[in-house]
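Just target-v4.txt here, compact mmCIF, C-alpha atoms:
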```
# COMPACT_ATOMS: atom_id res chain seq x y z
CA MET L 1 14.66 -11.23 11.76
CA GLN L 2 14.71 -14.40 9.69
CA LEU L 3 16.31 -14.03 6.28
CA VAL L 4 14.03 -15.11 3.46
CA ARG L 5 14.00 -14.93 -0.32
CA PRO L 6 13.66 -11.22 -1.23
CA LYS L 7 10.66 -11.58 -3.52
CA GLY L 8 8.96 -8.40 -2.33
CA VAL L 9 11.96 -6.12 -2.63
CA LEU L 10 12.90 -7.65 -5.99
CA ASN L 11 9.41 -6.83 -7.25
CA ILE L 12 9.86 -3.24 -6.11
CA ILE L 13 13.03 -3.04 -8.19
CA ARG L 14 11.32 -4.67 -11.20
CA PHE L 15 8.34 -2.31 -11.04
CA ASN L 16 10.51 0.80 -10.54
CA TYR L 17 13.72 -0.09 -12.40
CA HIS L 18 13.71 3.26 -14.23
CA PHE L 19 14.21 5.04 -10.91
CA TYR L 20 17.13 2.82 -9.92
CA LEU L 21 18.74 3.13 -13.36
CA LEU L 22 18.48 6.92 -13.29
CA SER L 23 19.75 7.13 -9.72
CA GLY L 24 22.63 4.75 -10.40
CA GLY L 25 23.51 6.63 -13.58
CA PHE L 26 23.58 9.94 -11.71
CA ILE L 27 25.87 8.51 -9.03
CA VAL L 28 28.29 6.99 -11.56
CA ILE L 29 28.45 10.12 -13.73
CA ALA L 30 28.80 12.40 -10.71
CA LEU L 31 31.74 10.39 -9.37
CA LEU L 32 33.40 10.26 -12.80
CA ILE L 33 33.38 14.02 -13.32
CA THR L 34 34.36 15.09 -9.79
CA SER L 35 38.10 15.14 -10.66
CA PHE L 36 37.42 17.75 -13.37
CA LEU L 37 35.49 20.16 -11.13
CA PRO L 38 36.45 22.76 -8.52
CA HIS L 39 37.02 21.28 -5.07
CA ILE L 40 33.83 22.59 -3.47
CA VAL L 41 31.64 21.44 -6.38
CA SER L 42 33.39 18.07 -6.39
CA LEU L 43 32.80 17.71 -2.65
CA LEU L 44 29.11 18.59 -2.97
CA LEU L 45 28.66 16.05 -5.75
CA LYS L 46 30.33 13.34 -3.70
CA VAL L 47 28.14 14.13 -0.69
CA ALA L 48 25.00 14.16 -2.87
CA SER L 49 25.98 10.82 -4.43
CA LEU L 50 26.61 9.27 -1.03
CA LEU L 51 23.28 10.52 0.32
CA MET L 52 21.41 9.21 -2.71
CA PHE L 53 23.10 5.83 -2.37
CA LEU L 54 22.24 5.65 1.35
CA VAL L 55 18.62 6.63 0.71
CA ILE L 56 18.25 3.87 -1.89
CA ILE L 57 19.88 1.25 0.33
CA CYS L 58 17.82 2.25 3.39
CA SER L 59 14.57 2.11 1.42
CA LEU L 60 15.41 -1.34 0.03
CA ILE L 61 16.36 -2.65 3.49
CA ALA L 62 13.11 -1.29 4.94
CA SER L 63 11.14 -2.82 2.07
CA TYR L 64 12.88 -6.17 2.53
CA TYR L 65 11.94 -6.14 6.21
CA VAL L 66 8.32 -5.12 5.61
CA TYR L 67 7.44 -7.20 2.55
CA ASP L 68 9.70 -10.24 2.94
CA CYS L 69 10.72 -10.80 6.55
CA SER L 70 7.84 -9.52 8.69
CA GLY L 71 5.27 -12.16 7.74
CA LEU L 72 3.00 -9.39 6.46
CA TYR L 73 1.46 -11.50 3.70
CA ILE L 74 0.97 -14.56 5.89
CA LEU L 75 -1.80 -12.48 7.51
CA ASN L 76 -1.43 -13.93 11.00
CA TRP L 77 -1.84 -10.38 12.31
CA LEU L 78 -5.53 -10.67 11.38
CA ASP L 79 -6.05 -13.20 14.18
CA GLY L 80 -6.57 -10.45 16.75
CA PHE L 81 -9.48 -8.87 14.90
CA ASN L 82 -12.09 -11.56 15.61
CA ILE L 83 -13.06 -12.26 12.00
CA GLY L 84 -12.73 -16.05 12.01
CA ASN L 85 -16.45 -16.58 11.23
CA ALA L 86 -16.62 -14.18 8.32
CA LYS L 87 -18.51 -15.73 5.42
CA ALA L 88 -18.31 -12.93 2.88
CA ILE L 89 -14.97 -11.14 2.45
CA VAL L 90 -14.35 -8.41 -0.11
CA ASN L 91 -10.75 -7.70 -1.07
CA ILE L 92 -10.26 -4.36 -2.84
CA HIS L 93 -7.01 -3.42 -4.57
CA ALA L 94 -5.67 -0.93 -7.13
CA GLY L 95 -4.27 -3.10 -9.86
CA LEU L 96 -2.01 -5.52 -8.00
CA ASP L 97 -3.60 -8.28 -5.93
CA GLU L 98 -1.10 -9.47 -3.33
CA THR L 99 -3.50 -10.76 -0.68
CA SER L 100 -6.39 -12.78 -2.14
CA ARG L 101 -4.36 -16.00 -2.08
CA GLY L 102 -3.42 -15.45 1.57
CA LEU L 103 -7.01 -14.61 2.49
CA SER L 104 -8.27 -17.76 0.77
CA ALA L 105 -5.78 -19.87 2.73
CA LYS L 106 -6.60 -18.17 6.01
CA PHE L 107 -10.38 -18.21 5.60
CA PRO L 108 -11.11 -21.37 3.56
CA GLY L 109 -14.81 -21.30 4.44
CA ALA L 110 -15.40 -17.72 3.27
CA LYS L 111 -16.48 -16.44 -0.13
CA ILE L 112 -13.87 -13.93 -1.24
CA SER L 113 -14.82 -11.33 -3.83
CA CYS L 114 -11.90 -9.48 -5.39
CA LEU L 115 -12.46 -5.94 -6.70
CA ASP L 116 -9.98 -3.91 -8.75
CA PHE L 117 -10.52 -0.13 -8.99
CA TYR L 118 -7.48 0.47 -11.18
CA ASP L 119 -8.21 3.13 -13.81
CA PRO L 120 -5.47 3.65 -16.43
CA GLU L 121 -6.76 7.19 -17.04
CA THR L 122 -6.10 8.32 -13.47
CA HIS L 123 -3.63 5.74 -12.12
CA THR L 124 -0.81 6.62 -14.48
CA GLU L 125 2.17 5.35 -12.47
CA ILE L 126 4.37 3.20 -14.68
CA SER L 127 5.10 0.89 -11.72
CA ILE L 128 1.44 -0.15 -11.51
CA LYS L 129 1.30 -0.86 -15.24
CA ARG L 130 4.42 -3.03 -15.02
CA ALA L 131 3.04 -4.86 -11.98
CA ARG L 132 -0.23 -5.62 -13.77
CA LYS L 133 1.66 -6.94 -16.78
CA ILE L 134 3.82 -9.25 -14.67
CA TYR L 135 1.00 -10.30 -12.32
CA PRO L 136 -2.29 -10.11 -14.24
CA ALA L 137 -5.44 -10.19 -12.14
CA PRO L 138 -7.34 -13.51 -11.90
CA THR L 139 -10.26 -13.80 -14.30
CA SER L 140 -12.66 -13.79 -11.35
CA THR L 141 -11.61 -10.25 -10.38
CA LEU L 142 -14.33 -7.66 -10.84
CA SER L 143 -13.25 -4.34 -12.35
CA VAL L 144 -15.03 -1.49 -10.54
CA LYS L 145 -15.02 2.27 -10.08
CA THR L 146 -14.16 3.84 -6.74
CA ASN L 147 -17.72 5.18 -6.45
CA GLU L 148 -19.43 2.07 -7.81
CA LEU L 149 -18.34 -1.25 -6.30
CA LEU L 150 -21.06 -3.31 -8.05
CA LEU L 151 -21.99 -5.33 -4.95
CA PRO L 152 -25.34 -5.39 -3.09
CA ASP L 153 -25.97 -3.29 0.02
CA HIS L 154 -24.89 -4.89 3.30
CA SER L 155 -23.34 -7.93 1.63
CA ALA L 156 -19.83 -8.02 3.17
CA ASP L 157 -18.75 -9.22 6.61
CA ILE L 158 -15.22 -7.92 6.04
CA VAL L 159 -13.83 -5.47 3.52
CA PHE L 160 -10.06 -5.72 3.18
CA ILE L 161 -8.20 -2.73 1.64
CA PHE L 162 -4.48 -3.42 1.73
CA LEU L 163 -1.94 -0.76 0.70
CA SER L 164 -4.17 0.50 -2.10
CA ALA L 165 -6.50 3.28 -0.90
CA HIS L 166 -3.70 5.86 -1.15
CA GLU L 167 -3.76 5.41 -4.92
CA ILE L 168 -6.99 7.45 -4.85
CA ARG L 169 -5.24 10.81 -4.86
CA ASP L 170 -8.29 13.10 -4.80
CA LYS L 171 -9.69 13.69 -1.30
CA GLU L 172 -13.34 13.87 -2.36
CA GLU L 173 -12.96 10.68 -4.37
CA ARG L 174 -11.49 8.93 -1.32
CA ILE L 175 -14.47 10.01 0.76
CA LEU L 176 -16.91 8.74 -1.88
CA PHE L 177 -14.96 5.48 -2.08
CA PHE L 178 -15.24 4.83 1.66
CA LYS L 179 -18.92 5.77 1.60
CA GLU L 180 -19.36 3.14 -1.09
CA VAL L 181 -17.41 0.62 1.01
CA ARG L 182 -19.67 1.46 3.94
CA ARG L 183 -22.71 0.79 1.74
CA ILE L 184 -21.70 -2.81 1.01
CA LEU L 185 -20.76 -3.52 4.65
CA LYS L 186 -23.09 -5.52 6.88
CA PRO L 187 -24.30 -3.64 9.99
CA ASN L 188 -21.82 -5.46 12.22
CA GLY L 189 -19.11 -5.78 9.60
CA GLN L 190 -15.58 -4.46 9.67
CA ILE L 191 -13.36 -2.63 7.21
CA ILE L 192 -9.63 -3.34 7.51
CA VAL L 193 -7.46 -0.63 5.97
CA SER L 194 -3.66 -0.97 5.95
CA GLU L 195 -1.48 1.90 4.76
CA HIS L 196 1.97 3.38 4.99
CA LEU L 197 1.72 6.80 6.63
CA ARG L 198 3.35 10.10 5.88
CA ASP L 199 5.25 10.01 9.16
CA LEU L 200 8.78 9.99 10.54
CA ASN L 201 9.30 6.24 10.22
CA ASN L 202 8.40 6.22 6.55
CA PHE L 203 10.42 9.38 5.90
CA LEU L 204 13.50 7.73 7.38
CA ALA L 205 12.88 4.64 5.25
CA TYR L 206 11.75 6.17 1.95
CA ASN L 207 12.88 9.81 2.14
CA ILE L 208 10.74 11.99 -0.17
CA GLY L 209 8.93 8.85 -1.30
CA PHE L 210 6.90 9.14 1.90
CA LEU L 211 5.02 12.03 0.25
CA HIS L 212 3.14 9.44 -1.81
CA PHE L 213 1.40 8.39 1.41
CA PHE L 214 -1.13 10.29 3.53
CA SER L 215 -0.82 11.29 7.17
CA GLU L 216 -2.77 9.62 9.96
CA ARG L 217 -4.73 12.85 10.46
CA GLN L 218 -5.78 12.81 6.80
CA TRP L 219 -7.00 9.23 7.04
CA ARG L 220 -8.99 9.99 10.19
CA GLU L 221 -10.64 12.92 8.42
CA ILE L 222 -11.55 10.69 5.46
CA PHE L 223 -13.04 7.98 7.66
CA LYS L 224 -15.11 10.50 9.64
CA ALA L 225 -16.37 12.21 6.49
CA ALA L 226 -17.43 8.80 5.13
CA GLY L 227 -19.44 8.01 8.27
CA LEU L 228 -17.02 5.42 9.61
CA GLN L 229 -15.69 4.92 13.12
CA ILE L 230 -12.29 3.57 14.10
CA LYS L 231 -12.91 0.49 16.23
CA SER L 232 -9.23 -0.28 16.81
CA GLU L 233 -5.83 0.19 15.20
CA CYS L 234 -2.38 -1.32 15.24
CA LYS L 235 1.09 -0.98 13.74
CA LEU L 236 2.38 -3.64 11.35
CA ALA L 237 6.07 -4.18 10.64
CA THR L 238 6.90 -0.70 12.03
CA PHE L 239 6.04 1.15 8.82
CA ILE L 240 2.36 0.26 8.25
CA LYS L 241 -0.72 1.35 10.18
CA THR L 242 -3.90 -0.74 10.14
CA PHE L 243 -7.27 0.78 10.98
CA ILE L 244 -10.26 -1.43 11.80
CA LEU L 245 -13.40 0.51 10.92
CA GLN L 246 -17.10 0.02 11.51
CA ASN L 247 -20.33 1.84 10.76
CA GLY L 248 -20.84 4.95 12.84
CA VAL L 249 -19.81 8.56 13.10
CA THR L 250 -16.77 9.59 15.14
CA SER L 251 -17.16 12.32 17.70
```

Structure re-expressed in structure tokens:
Amino acid sequence: MQLVRPKGVLNIIRFNYHFYLLSGGFIVIALLITSFLPHIVSLLLKVASLLMFLVIICSLIASYYVYDCSGLYILNWLDGFNIGNAKAIVNIHAGLDETSRGLSAKFPGAKISCLDFYDPETHTEISIKRARKIYPAPTSTLSVKTNELLLPDHSADIVFIFLSAHEIRDKEERILFFKEVRRILKPNGQIIVSEHLRDLNNFLAYNIGFLHFFSERQWREIFKAAGLQIKSECKLATFIKTFILQNGVTS
């Protein structure tokens, strides 16, 4: 693994600094008061502090690998999906656009439409608000609703949804969203969905943070309910699963 500037992991810390401040404060206070407590309580606090420290370090190491060292944002992993001739690409995100620049570089001949379904009424995570403040969306970005993407029917060769669909927490809304994505897709088009999964790998890396993600079974149910078929799939950087979808109904 080549060591590179930790931009991705530093952004995670910037967007979620309240969590790290609270966790660090707990560890410091716990260690300071252990000498005043009964032995068993002191021991439990020390163990809890160590576990919390290890969880934080493991999650940051995993994030550094995924977002900084794996080449995830270079997008060379798209080469195997046979989309080199795509003329109309739609990139959908939930408030933080980390891929439009890479897509523009990789597909210079394509028209790339960027859609943002961020809704401050429902997407209340402080990390997203901080990210949007630090990295405001380009003026060309179209603000949309999950059930109204404001593009014509059958207008997209490729729809790219990168680490954002899980922000739609309601199951029925996710189904409606993917039905709407299917509507704008050309008959032979593809939808590329990349997500962390609620699985063992992500539990080991992010501990209870993995509960923010959905399981592979849940995603398959959503795709089927939306009338989409999984054409192929692959793992990216160990912790991310990518599904390549097309029109059709799974059996």

Answer as a PDB file with C-alpha atoms, in the frame of the given file, residues within 12 Å of (13.3, 7.0, 7.7) using only C-alpha atoms:
```
ATOM      1  CA  LEU L  54      22.240   5.650   1.350  1.00  0.00           C
ATOM      2  CA  VAL L  55      18.620   6.630   0.710  1.00  0.00           C
ATOM      3  CA  ILE L  56      18.250   3.870  -1.890  1.00  0.00           C
ATOM      4  CA  ILE L  57      19.880   1.250   0.330  1.00  0.00           C
ATOM      5  CA  CYS L  58      17.820   2.250   3.390  1.00  0.00           C
ATOM      6  CA  SER L  59      14.570   2.110   1.420  1.00  0.00           C
ATOM      7  CA  LEU L  60      15.410  -1.340   0.030  1.00  0.00           C
ATOM      8  CA  ILE L  61      16.360  -2.650   3.490  1.00  0.00           C
ATOM      9  CA  ALA L  62      13.110  -1.290   4.940  1.00  0.00           C
ATOM     10  CA  SER L  63      11.140  -2.820   2.070  1.00  0.00           C
ATOM     11  CA  LEU L 197       1.720   6.800   6.630  1.00  0.00           C
ATOM     12  CA  ARG L 198       3.350  10.100   5.880  1.00  0.00           C
ATOM     13  CA  ASP L 199       5.250  10.010   9.160  1.00  0.00           C
ATOM     14  CA  LEU L 200       8.780   9.990  10.540  1.00  0.00           C
ATOM     15  CA  ASN L 201       9.300   6.240  10.220  1.00  0.00           C
ATOM     16  CA  ASN L 202       8.400   6.220   6.550  1.00  0.00           C
ATOM     17  CA  PHE L 203      10.420   9.380   5.900  1.00  0.00           C
ATOM     18  CA  LEU L 204      13.500   7.730   7.380  1.00  0.00           C
ATOM     19  CA  ALA L 205      12.880   4.640   5.250  1.00  0.00           C
ATOM     20  CA  TYR L 206      11.750   6.170   1.950  1.00  0.00           C
ATOM     21  CA  ASN L 207      12.880   9.810   2.140  1.00  0.00           C
ATOM     22  CA  ILE L 208      10.740  11.990  -0.170  1.00  0.00           C
ATOM     23  CA  GLY L 209       8.930   8.850  -1.300  1.00  0.00           C
ATOM     24  CA  PHE L 210       6.900   9.140   1.900  1.00  0.00           C
ATOM     25  CA  THR L 238       6.900  -0.700  12.030  1.00  0.00           C
ATOM     26  CA  PHE L 239       6.040   1.150   8.820  1.00  0.00           C
TER      27      PHE L 239
END
```

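For the pair CA of Lys106 (chain L) and CA of Ile89 (chain L), the separation is 11.5 Å.
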
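Remark: for Ala30 (chain L), the closest of the candidate residues L:Met52, L:His93, L:Gly80, L:Arg130 is L:Met52 (distances computed over only C-alpha atoms).
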
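You can rank L:Lys235, L:Arg169, L:Lys241, L:Lys179 by their closest distance to Glu216 (chain L) using all atoms listed in the file, and at the top of that list sits L:Lys241.
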
Inset, instruction - Mind giving me the straight-line distance from CA of Ile134 (chain L) to CA of Pro120 (chain L) in Å, one decimal? - result: 16.0 Å

Legend entry - Near-Asp157 (chain L) list (6 Å; only C-alpha atoms; drop same-chain fewer than 4 positions) as number ranges by chain: L: 86, 88-89, 186, 189

Legend entry - Using all atoms listed in the file: which of L:Ser70, L:Gly24, L:Ile83, L:Arg14 has the shortest distance to Lys133 (chain L): L:Arg14

Inset, instruction - Quote the spacing between CA of Phe26 (chain L) and CA of His39 (chain L) in Å to one decimal place. - result: 18.8 Å

Inset, instruction - Find the residue from L:Thr141, L:Asn188, L:Ser49, L:Thr146 that sits nearest to Ala165 (chain L); use only C-alpha atoms when measuring. - result: L:Thr146

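Shortest separation to Leu176 (chain L) among L:Ile74, L:Ala225, L:Ile33, L:Ala137 occurs at residue L:Ala225, atoms counted being all atoms listed in the file.
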
Inset, instruction - Anything within 12 Å of (-12.8, 7.8, -3.5): list those residues as a PyMOL selection string, counting only C-alpha atoms and sticking to the file's coordinates. - result: chain L and resi 94+117-118+144-149+164-182+222-223+225-226

Inset, instruction - Find, counting all atoms listed in the file, the residue in L:Arg132, L:Lys87, L:Lys231, L:Lys7 that gets nearest to Phe107 (chain L). - result: L:Lys87

Legend entry - Spatial neighbours of Thr99 (chain L), 7 Å, all atoms listed in the file, chain gap at least 3 places, as a ChimeraX atom specification: /L:73,102-103

Legend entry - Within 7 Å of Ile92 (chain L) using only C-alpha atoms, minus same-chain residues under 6 positions, as JSON, numbers by chain: {"L": [114, 115, 116, 160, 161]}

Once you have the residues from the selection above, write them out as a JSON list (two decimals), in the coordinates of the input, restricted to C-alpha atoms.
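Result file is part-v6.json:
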```
[["chain", "number", "residue", "atom", "x", "y", "z"],
["L", 114, "CYS", "CA", -11.90, -9.48, -5.39],
["L", 115, "LEU", "CA", -12.46, -5.94, -6.70],
["L", 116, "ASP", "CA", -9.98, -3.91, -8.75],
["L", 160, "PHE", "CA", -10.06, -5.72, 3.18],
["L", 161, "ILE", "CA", -8.20, -2.73, 1.64]]
```
